[in-house]
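Here is the structure we will look at.
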There are 2 protein chains.
Amino acid sequence: MSKSLIVQKYGGTSVGTLERIERVADRIAKVRRAGADVVVVVSAMAGETDKLLKMARSLSKNPARREIDLLLSSGERISTALLTIALQARGLPAISMTGRQIGLQTDGTHTRARIKNIDAQRARKMLRENHVIVVAGFQGINSAGDVTTLGRGGSDTSAVALAVALGARRCEICTDVDGVYTCDPRMVPQARRLDVVSYEEMLEMAGLGAKILQTRCVEFAHKYKMPLIVKSSFKEGDKGTLICEEDANMEHPVVSGIMCDKNQAKITLKEVPDQPGIAASIFAPLADASISVDMIVQNVSEQGHTDLSFTLQREELDEAMAIMNKVAKKIRADKVSSDAKIAKISIVGAGMRSHSGVAAQIFATLSAQKINILMISTSEIKVSCIIKQKHSRLAVNTLHTAFALAGTKKKANRKTTKKTKAV
Amino acid sequence: MSKSLIVQKYGGTSVGTLERIERVADRIAKVRRAGADVVVVVSAMAGETDKLLKMARSLSKNPARREIDLLLSSGERISTALLTIALQARGLPAISMTGRQIGLQTDGTHTRARIKNIDAQRARKMLRENHVIVVAGFQGINSAGDVTTLGRGGSDTSAVALAVALGARRCEICTDVDGVYTCDPRMVPQARRLDVVSYEEMLEMAGLGAKILQTRCVEFAHKYKMPLIVKSSFKEGDKGTLICEEDANMEHPVVSGIMCDKNQAKITLKEVPDQPGIAASIFAPLADASISVDMIVQNVSEQGHTDLSFTLQREELDEAMAIMNKVAKKIRADKVSSDAKIAKISIVGAGMRSHSGVAAQIFATLSAQKINILMISTSEIKVSCIIKQKHSRLAVNTLHTAFALAGTKKKANRKTTKKTKAV
């Protein structure tokens, strides 16, 4: 609808104290005075959600999800009211809207509801009346009229969905990092912030544990081609990283970023009888226990037996091992072993589509450092390798250099922002 | 509808900590297991509302009332969700309801909305399905779909209104005192808890500063003849005080209670020209400044001049004096003076209707103690006297004895409860 409309989302750290709420209000006032219409989506003040959850868990081991939603949604209502008050104190015609008031309708899945529809009629009216709308993120309402929440990263998803529903020019995710980096600057000091990343690349990165954006939010933006910007809530005038459609005319770097996920574990079943249905008997019990398996590697069968390895999130290792020990007996596998000291290194780049030899270069680079690759998986724009965890820092730094990711800028801006945070 | 239904309201102190929420849950479980249907109305955890208000005021000198309502209503949502979770952990089919979900519709006056209607359809369905309903007190929704709050004592009013809408047997106000007393036990150690008080008496007491119940809540109960019980949240099996219709067959004590309000001040205008319209020129500017005047006394006119005194809440004295100094000049009054060291002693009793001589006995009792009465006002079931503040303790104790209010019980239960609170 309004091409002058910008949707901005501020995370929990950005509104974590009253001083920060004042700073955010100043920023929004500037955007507004520069002539843009603004809709702001806010998370709960940092720490609030955890505090509320802890209280609920001290009262019940298994609190009902419907009640958790009512409880947690209060956090965003508080930050929303406070930011609206701060904006009004600056003379802006701000007005708060809860998930229900903004018309965010979800399915009935409490604590991780999916957005079904946004009835943006009231929001459009408010915008026509020149209001700055402050929206409680993370929350919606189901068809029964009960409060639902959208799960992790829900406020980002609220923001993108609203930007789409209102036809915004772009959606800005304002957070405690100043953009998407070629690699985690804490691991690679030469890491460089990216100016542009494609939706596909960002989706891979999000799926690989880059905690900046949740997969759902990027999927939503991708589906509706809504330009997303990730930028710092604290640095003034910073451009951040633009996440948008891949431009055919654009010269892509082969590799855009390297991710390292140390929160991985591997389970190996030795001498599994190689017969139809065996994979199902191994993975069905894990699925029943809601344990997500990531990479799966099966060796070539020898004399009717095979070795099978898979990776999963480390916090699920104990539960998975208990299940596997039972499964192994049942299917007469020889042995079950696990390794929690591994890491997954992933290289993402839309340029891989047109450039062959990326995987080969990765293997050669790691081999030159005598880093053994335990498992490999690839997709159209990604190569992931499981290596020993002790090699992870060396691996990402060597690969970062090999693919010339540092570019010309050497400054690790992300670190600077982190310092700002601590002040 | 359901004569087995009890509506219980728990105040902020009663749900002030997680331990207290557990205790309240235990109490509700007992009521339920004794066979009653239960609807519970809760306030925000003690201190929460003040904390939120303080945050809002640090962001703006004059925060918008609509935003204050969104902010404050979060407090009740949190305690409601937590109590529901605690009840579910005890195996009770509890379900939470916000002001909107319970159908509490108000007018549009933010921060002190009036209840217009309760659409109790969903609540009735929930009760038929055997649920224990936990309702966020203090809040409703206006016709625009915005959250409103009911002002001071709002949760009590929510509870009574719900009890009426659902046809409950009675409404219990569970709080940090164990009932209504003949006098404040901190002033009169012999003060006795009353078993029964009529609505009219309770209305007078509430209006006179007994902080147990707000006038609005009692008015509501009175209008719909809903029996109200004030009892302790902490003492088990306690009967509390029943507030109900005056029973013609009941032998009334002449006096039910004595109230002492020290938060009073008096302003006197000397030698006011006694002419038509002069009262309006004095009191209209006060009304414009939203200052409530309580008692007004005008002396007999002498030679076209009169002295005029009135009382008001002490915190409004400075503002009122500034206005009166201007008014005095304008109407050519001789002098304006004020006295903040006064107290209002009030004696309330439905029995006064049929017993004459109560006022005379009060004057005689005070006179015997050489306590001078500065101003007097009376109603059908009340006599109020303004005296010097330094006499207030002596006055209430003497009157308490003169009207034999201590009865046979000598225990100041209220004090015991206060001790329980501090544990």
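Letters for chains follow the order of the structure tokens (A, B, ...), residue numbers begin at 1 for each chain, and ligand numbers begin at 1 in the order shown.
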
Hey, which bits of chain B sit within 10 Å of chain A, and for each residue what's the closest pair of atoms and how far apart in Å (one decimal), counting only C-alpha atoms, rows by chain and increasing number, as JSON lines?
{"residue": "B:Thr17", "atom": "CA", "partner": "A:Met55", "partner_atom": "CA", "distance": 9.8}
{"residue": "B:Leu18", "atom": "CA", "partner": "A:Met55", "partner_atom": "CA", "distance": 7.3}
{"residue": "B:Glu19", "atom": "CA", "partner": "A:Leu59", "partner_atom": "CA", "distance": 8.9}
{"residue": "B:Ile21", "atom": "CA", "partner": "A:Leu59", "partner_atom": "CA", "distance": 8.7}
{"residue": "B:Glu22", "atom": "CA", "partner": "A:Leu59", "partner_atom": "CA", "distance": 7.4}
{"residue": "B:Leu52", "atom": "CA", "partner": "A:Ile78", "partner_atom": "CA", "distance": 8.1}
{"residue": "B:Leu53", "atom": "CA", "partner": "A:Leu82", "partner_atom": "CA", "distance": 9.8}
{"residue": "B:Met55", "atom": "CA", "partner": "A:Leu18", "partner_atom": "CA", "distance": 7.3}
{"residue": "B:Ala56", "atom": "CA", "partner": "A:Leu82", "partner_atom": "CA", "distance": 6.0}
{"residue": "B:Arg57", "atom": "CA", "partner": "A:Ile85", "partner_atom": "CA", "distance": 8.9}
{"residue": "B:Ser58", "atom": "CA", "partner": "A:Leu18", "partner_atom": "CA", "distance": 8.0}
{"residue": "B:Leu59", "atom": "CA", "partner": "A:Ala86", "partner_atom": "CA", "distance": 5.3}
{"residue": "B:Ser60", "atom": "CA", "partner": "A:Ala89", "partner_atom": "CA", "distance": 5.4}
{"residue": "B:Lys61", "atom": "CA", "partner": "A:Ala89", "partner_atom": "CA", "distance": 7.8}
{"residue": "B:Asn62", "atom": "CA", "partner": "A:Ala89", "partner_atom": "CA", "distance": 8.0}
{"residue": "B:Pro63", "atom": "CA", "partner": "A:Ile85", "partner_atom": "CA", "distance": 5.7}
{"residue": "B:Ala64", "atom": "CA", "partner": "A:Ile85", "partner_atom": "CA", "distance": 6.8}
{"residue": "B:Arg65", "atom": "CA", "partner": "A:Ile85", "partner_atom": "CA", "distance": 9.7}
{"residue": "B:Arg66", "atom": "CA", "partner": "A:Ser96", "partner_atom": "CA", "distance": 8.6}
{"residue": "B:Glu67", "atom": "CA", "partner": "A:Ala81", "partner_atom": "CA", "distance": 5.2}
{"residue": "B:Ile68", "atom": "CA", "partner": "A:Ala81", "partner_atom": "CA", "distance": 7.0}
{"residue": "B:Asp69", "atom": "CA", "partner": "A:Ala81", "partner_atom": "CA", "distance": 8.6}
{"residue": "B:Leu70", "atom": "CA", "partner": "A:Ala81", "partner_atom": "CA", "distance": 6.2}
{"residue": "B:Leu71", "atom": "CA", "partner": "A:Ile78", "partner_atom": "CA", "distance": 5.1}
{"residue": "B:Leu72", "atom": "CA", "partner": "A:Ile78", "partner_atom": "CA", "distance": 8.0}
{"residue": "B:Ser73", "atom": "CA", "partner": "A:Ser74", "partner_atom": "CA", "distance": 8.6}
{"residue": "B:Ser74", "atom": "CA", "partner": "A:Ser74", "partner_atom": "CA", "distance": 5.1}
{"residue": "B:Gly75", "atom": "CA", "partner": "A:Ser74", "partner_atom": "CA", "distance": 7.8}
{"residue": "B:Glu76", "atom": "CA", "partner": "A:Ser74", "partner_atom": "CA", "distance": 9.3}
{"residue": "B:Arg77", "atom": "CA", "partner": "A:Leu71", "partner_atom": "CA", "distance": 6.5}
{"residue": "B:Ile78", "atom": "CA", "partner": "A:Leu71", "partner_atom": "CA", "distance": 5.1}
{"residue": "B:Ser79", "atom": "CA", "partner": "A:Leu71", "partner_atom": "CA", "distance": 8.2}
{"residue": "B:Thr80", "atom": "CA", "partner": "A:Leu71", "partner_atom": "CA", "distance": 8.1}
{"residue": "B:Ala81", "atom": "CA", "partner": "A:Glu67", "partner_atom": "CA", "distance": 5.2}
{"residue": "B:Leu82", "atom": "CA", "partner": "A:Ala56", "partner_atom": "CA", "distance": 6.0}
{"residue": "B:Leu83", "atom": "CA", "partner": "A:Leu59", "partner_atom": "CA", "distance": 8.5}
{"residue": "B:Thr84", "atom": "CA", "partner": "A:Glu67", "partner_atom": "CA", "distance": 7.2}
{"residue": "B:Ile85", "atom": "CA", "partner": "A:Pro63", "partner_atom": "CA", "distance": 5.7}
{"residue": "B:Ala86", "atom": "CA", "partner": "A:Leu59", "partner_atom": "CA", "distance": 5.3}
{"residue": "B:Leu87", "atom": "CA", "partner": "A:Leu59", "partner_atom": "CA", "distance": 9.0}
{"residue": "B:Gln88", "atom": "CA", "partner": "A:Pro63", "partner_atom": "CA", "distance": 7.7}
{"residue": "B:Ala89", "atom": "CA", "partner": "A:Ser60", "partner_atom": "CA", "distance": 5.4}
{"residue": "B:Arg90", "atom": "CA", "partner": "A:Ser60", "partner_atom": "CA", "distance": 8.9}
{"residue": "B:Ala94", "atom": "CA", "partner": "A:Glu67", "partner_atom": "CA", "distance": 9.9}
{"residue": "B:Ile95", "atom": "CA", "partner": "A:Glu67", "partner_atom": "CA", "distance": 7.8}
{"residue": "B:Ser96", "atom": "CA", "partner": "A:Glu67", "partner_atom": "CA", "distance": 6.9}
{"residue": "B:Met97", "atom": "CA", "partner": "A:Asp146", "partner_atom": "CA", "distance": 8.7}
{"residue": "B:Thr98", "atom": "CA", "partner": "A:Leu70", "partner_atom": "CA", "distance": 8.6}
{"residue": "B:Arg100", "atom": "CA", "partner": "A:Gly145", "partner_atom": "CA", "distance": 9.1}
{"residue": "B:Gln101", "atom": "CA", "partner": "A:Gly145", "partner_atom": "CA", "distance": 7.2}
{"residue": "B:Ala144", "atom": "CA", "partner": "A:Gln101", "partner_atom": "CA", "distance": 9.6}
{"residue": "B:Gly145", "atom": "CA", "partner": "A:Gln101", "partner_atom": "CA", "distance": 7.3}
{"residue": "B:Asp146", "atom": "CA", "partner": "A:Gln101", "partner_atom": "CA", "distance": 7.7}
{"residue": "B:Val147", "atom": "CA", "partner": "A:Thr98", "partner_atom": "CA", "distance": 9.6}

Write to file, as a PDB file, in the first residue's frame, the residues of the selection just made, with C-alpha atoms.
ATOM      1  CA  THR B  17       4.939 -14.322  45.632  1.00  0.00           C
ATOM      2  CA  LEU B  18       5.076 -17.746  44.017  1.00  0.00           C
ATOM      3  CA  GLU B  19       4.691 -19.363  47.459  1.00  0.00           C
ATOM      4  CA  ILE B  21       0.166 -18.337  44.665  1.00  0.00           C
ATOM      5  CA  GLU B  22       0.723 -21.970  45.692  1.00  0.00           C
ATOM      6  CA  LEU B  52       5.059  -0.561  35.826  1.00  0.00           C
ATOM      7  CA  LEU B  53       3.649   2.888  36.627  1.00  0.00           C
ATOM      8  CA  MET B  55       8.589   2.939  34.491  1.00  0.00           C
ATOM      9  CA  ALA B  56       5.917   4.762  32.484  1.00  0.00           C
ATOM     10  CA  ARG B  57       6.397   7.956  34.488  1.00  0.00           C
ATOM     11  CA  SER B  58      10.143   7.866  33.995  1.00  0.00           C
ATOM     12  CA  LEU B  59       9.494   7.934  30.234  1.00  0.00           C
ATOM     13  CA  SER B  60       6.832  10.643  30.244  1.00  0.00           C
ATOM     14  CA  LYS B  61       5.463  13.163  32.695  1.00  0.00           C
ATOM     15  CA  ASN B  62       2.002  12.587  31.385  1.00  0.00           C
ATOM     16  CA  PRO B  63       1.715   9.132  29.798  1.00  0.00           C
ATOM     17  CA  ALA B  64      -1.437   8.539  27.748  1.00  0.00           C
ATOM     18  CA  ARG B  65      -4.129   6.729  29.704  1.00  0.00           C
ATOM     19  CA  ARG B  66      -4.750   4.284  26.867  1.00  0.00           C
ATOM     20  CA  GLU B  67      -1.120   3.126  27.022  1.00  0.00           C
ATOM     21  CA  ILE B  68      -1.170   2.989  30.829  1.00  0.00           C
ATOM     22  CA  ASP B  69      -4.108   0.609  30.534  1.00  0.00           C
ATOM     23  CA  LEU B  70      -2.249  -1.701  28.154  1.00  0.00           C
ATOM     24  CA  LEU B  71       0.763  -1.559  30.474  1.00  0.00           C
ATOM     25  CA  LEU B  72      -1.020  -2.156  33.780  1.00  0.00           C
ATOM     26  CA  SER B  73      -3.379  -4.843  32.461  1.00  0.00           C
ATOM     27  CA  SER B  74      -0.296  -7.017  31.844  1.00  0.00           C
ATOM     28  CA  GLY B  75       0.153  -7.352  35.601  1.00  0.00           C
ATOM     29  CA  GLU B  76      -3.145  -9.207  36.069  1.00  0.00           C
ATOM     30  CA  ARG B  77      -2.513 -11.358  33.009  1.00  0.00           C
ATOM     31  CA  ILE B  78       0.730 -12.575  34.558  1.00  0.00           C
ATOM     32  CA  SER B  79      -0.804 -13.468  37.947  1.00  0.00           C
ATOM     33  CA  THR B  80      -3.800 -15.054  36.196  1.00  0.00           C
ATOM     34  CA  ALA B  81      -1.632 -17.315  34.045  1.00  0.00           C
ATOM     35  CA  LEU B  82       0.529 -18.268  37.026  1.00  0.00           C
ATOM     36  CA  LEU B  83      -2.422 -19.120  39.282  1.00  0.00           C
ATOM     37  CA  THR B  84      -4.025 -21.151  36.484  1.00  0.00           C
ATOM     38  CA  ILE B  85      -0.780 -23.103  36.055  1.00  0.00           C
ATOM     39  CA  ALA B  86      -0.617 -23.721  39.821  1.00  0.00           C
ATOM     40  CA  LEU B  87      -4.217 -24.993  39.836  1.00  0.00           C
ATOM     41  CA  GLN B  88      -3.572 -27.273  36.859  1.00  0.00           C
ATOM     42  CA  ALA B  89      -0.536 -28.680  38.692  1.00  0.00           C
ATOM     43  CA  ARG B  90      -3.024 -29.700  41.416  1.00  0.00           C
ATOM     44  CA  ALA B  94      -8.418 -24.554  35.430  1.00  0.00           C
ATOM     45  CA  ILE B  95      -8.498 -22.120  32.532  1.00  0.00           C
ATOM     46  CA  SER B  96      -7.461 -18.479  32.380  1.00  0.00           C
ATOM     47  CA  MET B  97      -9.581 -15.665  30.997  1.00  0.00           C
ATOM     48  CA  THR B  98      -8.556 -12.081  30.337  1.00  0.00           C
ATOM     49  CA  ARG B 100     -11.846  -9.437  27.121  1.00  0.00           C
ATOM     50  CA  GLN B 101     -12.313 -13.193  27.132  1.00  0.00           C
ATOM     51  CA  ALA B 144     -13.069   0.055  20.047  1.00  0.00           C
ATOM     52  CA  GLY B 145     -11.475  -3.208  21.191  1.00  0.00           C
ATOM     53  CA  ASP B 146      -8.910  -1.431  23.374  1.00  0.00           C
ATOM     54  CA  VAL B 147      -7.945  -2.606  26.851  1.00  0.00           C
TER      55      VAL B 147
END

Segment 43-130 of chain B: residues DSSP assigns to alpha helix (DSSP H), reported as a PyMOL selection string: chain B and resi 48-59+65-89+121-128

Same residues, C-alpha atoms, saved as a CSV table (one decimal), in the first residue's frame:
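Writing the result to selection.csv gives the following:
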chain,number,residue,atom,x,y,z
B,48,GLU,CA,3.9,-5.0,40.0
B,49,THR,CA,1.4,-2.2,39.2
B,50,ASP,CA,3.6,0.4,41.0
B,51,LYS,CA,6.7,-0.9,39.2
B,52,LEU,CA,5.1,-0.6,35.8
B,53,LEU,CA,3.6,2.9,36.6
B,54,LYS,CA,7.1,4.1,37.8
B,55,MET,CA,8.6,2.9,34.5
B,56,ALA,CA,5.9,4.8,32.5
B,57,ARG,CA,6.4,8.0,34.5
B,58,SER,CA,10.1,7.9,34.0
B,59,LEU,CA,9.5,7.9,30.2
B,65,ARG,CA,-4.1,6.7,29.7
B,66,ARG,CA,-4.8,4.3,26.9
B,67,GLU,CA,-1.1,3.1,27.0
B,68,ILE,CA,-1.2,3.0,30.8
B,69,ASP,CA,-4.1,0.6,30.5
B,70,LEU,CA,-2.2,-1.7,28.2
B,71,LEU,CA,0.8,-1.6,30.5
B,72,LEU,CA,-1.0,-2.2,33.8
B,73,SER,CA,-3.4,-4.8,32.5
B,74,SER,CA,-0.3,-7.0,31.8
B,75,GLY,CA,0.2,-7.4,35.6
B,76,GLU,CA,-3.1,-9.2,36.1
B,77,ARG,CA,-2.5,-11.4,33.0
B,78,ILE,CA,0.7,-12.6,34.6
B,79,SER,CA,-0.8,-13.5,37.9
B,80,THR,CA,-3.8,-15.1,36.2
B,81,ALA,CA,-1.6,-17.3,34.0
B,82,LEU,CA,0.5,-18.3,37.0
B,83,LEU,CA,-2.4,-19.1,39.3
B,84,THR,CA,-4.0,-21.2,36.5
B,85,ILE,CA,-0.8,-23.1,36.1
B,86,ALA,CA,-0.6,-23.7,39.8
B,87,LEU,CA,-4.2,-25.0,39.8
B,88,GLN,CA,-3.6,-27.3,36.9
B,89,ALA,CA,-0.5,-28.7,38.7
B,121,GLN,CA,-21.5,-16.7,27.3
B,122,ARG,CA,-18.0,-18.2,27.1
B,123,ALA,CA,-17.7,-18.2,30.9
B,124,ARG,CA,-21.0,-20.1,31.2
B,125,LYS,CA,-19.8,-22.6,28.7
B,126,MET,CA,-16.6,-23.1,30.6
B,127,LEU,CA,-18.5,-23.7,33.8
B,128,ARG,CA,-20.8,-26.2,32.2

I'd like the contact shell of Met259 of chain B - 6 Å cut-off, only C-alpha atoms, skipping same-chain residues fewer than 6 positions apart - returned as a short mmCIF file (atom, residue, chain, number, x, y, z; two decimals) with C-alpha atoms, in the first residue's frame.
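Result went into around.cif, see below:
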data_model
loop_
_atom_site.label_atom_id
_atom_site.label_comp_id
_atom_site.auth_asym_id
_atom_site.auth_seq_id
_atom_site.Cartn_x
_atom_site.Cartn_y
_atom_site.Cartn_z
CA CYS B 183 -12.52 0.28 64.44
CA ILE B 345 -14.12 10.75 63.44
CA SER B 346 -17.18 9.02 62.01
#

Near-Gln139 of chain B list (7 Å; only C-alpha atoms; drop same-chain fewer than 3 positions) as a ChimeraX atom specification: /B:73,99,136,147-150

Store the residues picked out above in a file with C-alpha atoms, as an mmCIF file, in the first residue's frame.
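part_35.cif written:
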data_model
loop_
_atom_site.group_PDB
_atom_site.id
_atom_site.type_symbol
_atom_site.label_atom_id
_atom_site.label_comp_id
_atom_site.auth_asym_id
_atom_site.auth_seq_id
_atom_site.Cartn_x
_atom_site.Cartn_y
_atom_site.Cartn_z
ATOM 1 C CA SER B 73 -3.379 -4.843 32.461
ATOM 2 C CA GLY B 99 -10.990 -9.215 30.800
ATOM 3 C CA ALA B 136 -7.682 -11.276 35.205
ATOM 4 C CA VAL B 147 -7.945 -2.606 26.851
ATOM 5 C CA THR B 148 -9.368 -0.515 29.688
ATOM 6 C CA THR B 149 -8.809 -0.713 33.445
ATOM 7 C CA LEU B 150 -11.315 -0.046 36.187
#

Give me the residues within 10 Å of segment 231-248 of chain A as a CSV table (one decimal) with N, CA and C atoms, in the first residue's frame, counting only C-alpha atoms and dropping any in the same chain fewer than 6 places off.
chain,number,residue,atom,x,y,z
A,9,LYS,N,11.7,-3.6,13.5
A,9,LYS,CA,11.6,-4.5,14.6
A,9,LYS,C,12.8,-4.3,15.5
A,10,TYR,N,12.5,-4.1,16.8
A,10,TYR,CA,13.5,-4.0,17.8
A,10,TYR,C,13.5,-5.2,18.8
A,11,GLY,N,14.6,-5.9,19.0
A,11,GLY,CA,14.7,-7.1,19.8
A,11,GLY,C,14.7,-6.7,21.3
A,13,THR,N,17.1,-7.1,23.6
A,13,THR,CA,18.2,-6.3,24.0
A,13,THR,C,18.1,-4.8,23.7
A,14,SER,N,17.5,-4.5,22.6
A,14,SER,CA,17.4,-3.1,22.1
A,14,SER,C,16.4,-2.3,23.0
A,15,VAL,N,15.5,-3.0,23.7
A,15,VAL,CA,14.5,-2.4,24.6
A,15,VAL,C,14.7,-2.9,26.0
A,20,ARG,N,17.5,2.4,27.1
A,20,ARG,CA,17.5,1.9,25.7
A,20,ARG,C,16.2,2.1,25.0
A,23,ARG,N,16.5,5.5,23.8
A,23,ARG,CA,17.3,5.6,22.6
A,23,ARG,C,16.6,5.2,21.3
A,24,VAL,N,15.9,4.0,21.5
A,24,VAL,CA,15.1,3.5,20.3
A,24,VAL,C,14.0,4.5,19.9
A,27,ARG,N,15.6,7.2,17.8
A,27,ARG,CA,15.9,6.7,16.5
A,27,ARG,C,14.6,6.7,15.6
A,170,ARG,N,10.2,-1.8,3.1
A,170,ARG,CA,11.1,-2.7,3.6
A,170,ARG,C,10.9,-3.0,5.0
A,171,CYS,N,11.5,-4.1,5.5
A,171,CYS,CA,11.4,-4.5,6.9
A,171,CYS,C,12.8,-4.5,7.5
A,172,GLU,N,13.0,-3.7,8.6
A,172,GLU,CA,14.3,-3.6,9.2
A,172,GLU,C,14.3,-4.3,10.5
A,173,ILE,N,15.2,-5.3,10.7
A,173,ILE,CA,15.4,-6.0,11.9
A,173,ILE,C,16.5,-5.3,12.7
A,174,CYS,N,16.2,-4.5,13.7
A,174,CYS,CA,17.2,-3.8,14.5
A,174,CYS,C,17.6,-4.6,15.7
A,175,THR,N,18.9,-4.9,15.8
A,175,THR,CA,19.2,-5.9,16.8
A,175,THR,C,20.6,-5.6,17.4
A,176,ASP,N,21.2,-6.5,18.2
A,176,ASP,CA,22.5,-6.1,18.8
A,176,ASP,C,23.7,-6.5,18.0
A,177,VAL,N,23.5,-7.0,16.8
A,177,VAL,CA,24.6,-7.1,15.8
A,177,VAL,C,24.3,-6.1,14.7
A,178,ASP,N,25.3,-5.8,13.9
A,178,ASP,CA,25.1,-4.7,12.9
A,178,ASP,C,24.9,-5.3,11.5
A,179,GLY,N,24.7,-6.6,11.4
A,179,GLY,CA,24.5,-7.2,10.1
A,179,GLY,C,24.9,-8.6,10.1
A,180,VAL,N,24.9,-9.2,8.8
A,180,VAL,CA,25.3,-10.6,8.6
A,180,VAL,C,26.8,-10.6,8.2
A,181,TYR,N,27.5,-11.5,8.9
A,181,TYR,CA,29.0,-11.5,8.6
A,181,TYR,C,29.4,-12.7,7.8
A,193,ARG,N,31.5,-7.8,7.4
A,193,ARG,CA,30.0,-7.7,7.2
A,193,ARG,C,29.6,-7.7,5.8
A,194,LEU,N,28.6,-8.4,5.4
A,194,LEU,CA,28.1,-8.5,4.0
A,194,LEU,C,27.1,-7.3,3.8
A,195,ASP,N,27.2,-6.7,2.6
A,195,ASP,CA,26.3,-5.6,2.3
A,195,ASP,C,25.0,-6.2,1.8
A,196,VAL,N,25.1,-7.3,1.1
A,196,VAL,CA,23.9,-8.0,0.5
A,196,VAL,C,24.0,-9.5,0.6
A,197,VAL,N,22.9,-10.1,0.9
A,197,VAL,CA,22.8,-11.6,0.9
A,197,VAL,C,21.5,-11.9,0.3
A,198,SER,N,21.5,-13.0,-0.4
A,198,SER,CA,20.2,-13.4,-1.0
A,198,SER,C,19.4,-14.2,0.0
A,199,TYR,N,18.0,-14.2,-0.2
A,199,TYR,CA,17.2,-15.0,0.7
A,199,TYR,C,17.6,-16.4,0.9
A,200,GLU,N,18.0,-17.0,-0.3
A,200,GLU,CA,18.4,-18.4,-0.3
A,200,GLU,C,19.6,-18.6,0.6
A,201,GLU,N,20.6,-17.7,0.5
A,201,GLU,CA,21.8,-17.8,1.3
A,201,GLU,C,21.5,-17.6,2.8
A,202,MET,N,20.6,-16.6,3.0
A,202,MET,CA,20.3,-16.4,4.4
A,202,MET,C,19.5,-17.5,5.0
A,218,VAL,N,12.8,-15.5,7.4
A,218,VAL,CA,13.4,-15.4,6.1
A,218,VAL,C,12.6,-16.0,5.0
A,221,ALA,N,9.8,-13.6,4.2
A,221,ALA,CA,10.3,-12.5,3.4
A,221,ALA,C,10.5,-12.9,2.0
A,222,HIS,N,11.1,-14.1,1.9
A,222,HIS,CA,11.5,-14.7,0.6
A,222,HIS,C,10.2,-14.9,-0.3
A,225,LYS,N,8.9,-11.6,-1.3
A,225,LYS,CA,9.9,-10.7,-1.8
A,225,LYS,C,10.0,-9.4,-1.0
A,350,ALA,N,25.5,-18.4,-3.0
A,350,ALA,CA,24.7,-18.6,-4.2
A,350,ALA,C,25.5,-18.8,-5.4
A,414,ARG,N,31.2,-6.1,14.2
A,414,ARG,CA,30.4,-6.7,15.2
A,414,ARG,C,30.9,-6.6,16.6
A,416,THR,N,32.7,-4.3,17.8
A,416,THR,CA,32.5,-2.9,18.3
A,416,THR,C,31.1,-2.8,18.9
A,417,THR,N,30.2,-3.3,18.1
A,417,THR,CA,28.8,-3.2,18.6
A,417,THR,C,28.7,-4.0,20.0
A,418,LYS,N,29.3,-5.1,20.1
A,418,LYS,CA,29.2,-5.9,21.3
A,418,LYS,C,29.8,-5.0,22.5
A,420,THR,N,29.7,-1.8,22.6
A,420,THR,CA,28.7,-0.7,22.9
A,420,THR,C,27.6,-1.3,23.8
A,421,LYS,N,27.3,-2.6,23.6
A,421,LYS,CA,26.3,-3.2,24.4
A,421,LYS,C,26.7,-3.2,25.9

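Separating atom CA of Lys390 of chain B from atom CA of Leu269 of chain B is a distance of 23.5 Å.
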
For atom CA of Ala25 of chain B and atom CA of Ile212 of chain B, quote the distance in Å rounded to one decimal. 22.5 Å

Length of the atom CA of Asn142 of chain A to atom CA of Asn117 of chain A vector [Å]: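 So the answer is 10.3 Å.
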
List as a list in words the protein and nucleic acid residues near Asp156 of chain A, meaning an atom at most 8 Å away when only C-alpha atoms are counted, but skip any in the same chain fewer than 4 places from it.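 Counting only C-alpha atoms, the residues come to Lys9, Gly137, Phe138, Val160, Ile173, Leu213, Gln214 and Cys217 of chain A.
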
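Using only C-alpha atoms, the nearest neighbour of Ile282 of chain B within the list B:Cys260, B:Ala265, B:Ile381, B:Ala333 is B:Ala333.
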
Taking the chain letters and numbering used in this document, name the residues of segment 5-185 of chain A that DSSP puts in strand (DSSP E), as JSON, numbers by chain. {"A": [5, 6, 7, 8, 9, 10, 37, 38, 39, 40, 41, 42, 94, 95, 96, 97, 104, 105, 106, 115, 116, 117, 118, 132, 133, 134, 135, 136, 139, 140, 141, 147, 148, 149, 170, 171, 172, 173, 174, 175]}

Using only C-alpha atoms, determine which residues lie at most 7 Å from Ser155 of chain B, disregarding the query and same-chain residues fewer than 2 positions distant; provide the list as a list in words.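 With the cut-off at 7 Å, the set is Val41, Val42, Ser43, Gly137, Phe138, Gly153, Thr157, Ser158 and Ala159 of chain B.
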
Would you please work out which residue, of A:Leu166, A:Ile278, A:Val272, A:Ala44, is nearest to His305 of chain A when using only C-alpha atoms? A:Val272
